[in-house]
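Asker: Can you keep this structure in mind? I'll have questions shortly.
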Amino acid sequence: MTAAHYRRCFIGILKREALRFVQQRERFVAALVRPLVWLLIFAAGFRQVLGVSIVPPYETYILYEVYIAPGLIGMVQLFNGMQSSLSMVYDREMGSMKTLLVSPLPRWFLLVSKLLAGTAVSILQVYTFLFVAWFFDIDAAWTGYLLLLPVLVLTGMMMGALGLLLSSAIRQLENFAGVMNFVIFPMFFLSTALYPLWRLQETSPFLARLADWNPFTHAVESIRFAMAGKINPESLGITLSALLVFGALAIVGYNPARGTMARKG
Amino acid sequence: MDNPVLEVAGLNYDFGKGPVLKDVGFSVGPGSFAVLLGPNGAGKTTLISLITRLYDSPTGHIRVAGHDVKRQSGQALARIGVVFQQSTLDLDLTVRQNLYYHAALHGLGQREAGERIEQELGRFEMLERAGEKVRNLNGGHRRRVEIARALLHRPDFLLLDEPTVGLDVPSRRAIVAHAHRLAREGGIAVLWATHLIDEVFDGDDVIVLHNGEIVAQGSVNEVNRAAGATGIADSFDRLTARAPT
């Protein structure tokens, strides 16, 4: 197989992901409505209750809506990662995953291509959300929007890799909803998406420590700093490490010797 | 057999609840039509999953055109076209979109893929339905699309797992005839897994699988002689009448 074969294969996987996304318009609308509800209703309602003192990377007091915007971007990518996971489990049950896995290209390449394709879809969702949010005074400098892009690739892949890992472990579609409750809600609420770490520290040092270990916290902080035109090396490093760990475990999960494809319940 | 397209030897597999395949070994030559005949639960689908590397067997080896499926999986899979028992088409994509996806997964360029899609859909009389969503096709049409798809990358070896299940009699006959023609005229080696006796033609090679073991293999006449029967249906009944070991 030559480089051209790899390129064509990746583009084919990307096209399929895009086609499926375009056809499932409800998914696109849900991906947009979800963070907008949090931004326009939750944030507005809690603006007085949850005042945010000056925390890095911000250099002045900010509105609560501005604070939670990076967390909502993380939410978009987290849900997209889980949606991709659900699609993988569905594909395995319906049989269409076999089409992917009998490709002569290496399995790790196929899985990484799926990951990148899913990330591309999540980035499209994020920028659409940011476009709408702009009309509600949530904006960044153009350098922030630009710096955000490579960070979104990293954070999107990290959450996609987590989704891929989960899909290798989940036997049946019916079990998926339960697993999601144990993943999405703890990851989101035990993070700095809705409140800074010092707030959690005041209430419970234990929860603050868990939040600090949560890779989603570091994805959100990476996004937050990027939107402010800055870089948070620690958070980026932890996000990258989480991506490599989840990704490696996912590739092991899909190893033919493990007989994952035999797990149809 | 010299230069077999498919060579299986010493294959064992266990899902953890007892052996599903026990010391399975056979070969399929170029341009031949081999029927993997066995009742439900014999291990046919497991065998096909091992050949296509959905699972790995810890023992034995499987070679496709000389390439070991485990050690040279890319070269081996590039030579296999497969139609699984369960349909693997994307229901929400059109016929053409499904075929382009498969072509991309095998590294084919857009133009070459387009030409081959026209050719294979034309061969199976499905060209006029190329723009239809798969969800709107009946079972027979979906199967034809799957066989056309499996041939896009010009494999040496076509593997079909119970491809006629759920189809009406005319559709079944048409697909069996198509597949035999591919072997006879196209020189493709075909391994056709089935439990349906009437899909075996006189000139076929037969491999009878029962409870994970090969109980007879050879030409139809050789299998009949081994079973002490006069016809393949009788042979199948006799060979698969033994209690599970």
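How things are named: the first chain in the structure tokens is A, the next is B, and so on; residues count from 1 in each chain; ligands count from 1 in the order shown.
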Could you pull out the alpha helix (DSSP H) residues of stretch 135-202 of chain B from DSSP and send them as number ranges by chain?

Answerer: B: 139-151, 169-186

Asker: Residues of chain A within 12 Å of chain B, counting only C-alpha atoms - could you list those as a count of residues only?

Answerer: 57

Asker: Just the residues within 12 Å of stretch 214-227 of chain B, please, counting only C-alpha atoms, with nothing from its chain fewer than 5 positions along; format it as number ranges by chain.

Answerer: B: 1, 8-12, 20-29, 32-38, 42-44, 47, 197, 200-209, 232-242

Asker: May I ask which of the residues A:Ile138, A:Leu210, A:Ala31, A:Leu116 is the closest one to A:Met159, counting only C-alpha atoms?

Answerer: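 Ranking A:Ile138, A:Leu210, A:Ala31, A:Leu116 by distance to A:Met159, first place goes to A:Leu116.
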
Asker: Give me, as a list in words, all polymer residues having an atom no more than 10 Å from A:Thr128, counting only C-alpha atoms and skipping those fewer than 6 positions away in the same chain.

Answerer: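 Contacts, in chain order: Phe28, Ala31, Leu32, Ser122 and Trp134 of chain A.
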
Asker: Would you work out the distance separating atom CA of B:Asp161 from atom CA of A:Ala169, expressed in Å to one decimal?

Answerer: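 Between these atoms lies a distance of 26.4 Å.
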
Asker: Near B:Arg63, within 7 Å and counting only C-alpha atoms, which residues show up once chain neighbours fewer than 4 positions away are dropped, as a PyMOL selection string?

Answerer: chain B and resi 6-8+67-69

Asker: Give me the residues within 10 Å of stretch 142-149 of chain B as a PyMOL selection string, counting only C-alpha atoms and dropping any in the same chain fewer than 4 places off.

Answerer: chain B and resi 81-85+87-89+91+95-96+98-103+116-127+129-130+134-138+153-154+158-160+163-165+167+171-172+174-175+178-179

Asker: From stretch 7-223 of chain B, collect each residue whose DSSP state is strand (DSSP E) and return the set as number ranges by chain.

Answerer: B: 7-14, 19-28, 33-37, 61-64, 67-68, 80-83, 157-161, 189-194, 205-210, 213-219

Asker: So that I can see what lies close to A:Ala248, please list as an MDAnalysis selection string the residues with an atom at most 9 Å from it, counting only C-alpha atoms and leaving out residues fewer than 4 positions away in the same chain.

Answerer: chainID A and resid 161 165 243:244 252:253

Asker: Could you save the residues just selected, with N, CA, C and O atoms, as a PDB file, in the first residue's frame?

Answerer:
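Once everything was written out, this is result-v7.pdb:
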ATOM      1  N   ALA A 161     -11.176   9.494  21.255  1.00  0.00           N
ATOM      2  CA  ALA A 161     -10.457   8.278  21.642  1.00  0.00           C
ATOM      3  C   ALA A 161     -11.128   7.623  22.845  1.00  0.00           C
ATOM      4  O   ALA A 161     -11.204   6.387  22.921  1.00  0.00           O
ATOM      5  N   LEU A 165     -12.631   3.881  22.836  1.00  0.00           N
ATOM      6  CA  LEU A 165     -12.314   2.899  23.878  1.00  0.00           C
ATOM      7  C   LEU A 165     -13.599   2.315  24.467  1.00  0.00           C
ATOM      8  O   LEU A 165     -13.720   1.101  24.622  1.00  0.00           O
ATOM      9  N   LEU A 243      -5.106  11.446  25.452  1.00  0.00           N
ATOM     10  CA  LEU A 243      -5.376  10.991  24.081  1.00  0.00           C
ATOM     11  C   LEU A 243      -4.553   9.743  23.766  1.00  0.00           C
ATOM     12  O   LEU A 243      -5.074   8.764  23.239  1.00  0.00           O
ATOM     13  N   LEU A 244      -3.257   9.774  24.106  1.00  0.00           N
ATOM     14  CA  LEU A 244      -2.378   8.640  23.779  1.00  0.00           C
ATOM     15  C   LEU A 244      -2.791   7.388  24.557  1.00  0.00           C
ATOM     16  O   LEU A 244      -2.817   6.285  23.995  1.00  0.00           O
ATOM     17  N   VAL A 252      -5.853  -1.555  21.208  1.00  0.00           N
ATOM     18  CA  VAL A 252      -5.758  -2.892  21.807  1.00  0.00           C
ATOM     19  C   VAL A 252      -7.141  -3.520  21.869  1.00  0.00           C
ATOM     20  O   VAL A 252      -7.322  -4.703  21.581  1.00  0.00           O
ATOM     21  N   GLY A 253      -8.146  -2.711  22.218  1.00  0.00           N
ATOM     22  CA  GLY A 253      -9.516  -3.201  22.308  1.00  0.00           C
ATOM     23  C   GLY A 253     -10.039  -3.758  21.003  1.00  0.00           C
ATOM     24  O   GLY A 253     -10.840  -4.684  20.979  1.00  0.00           O
TER      25      GLY A 253
END
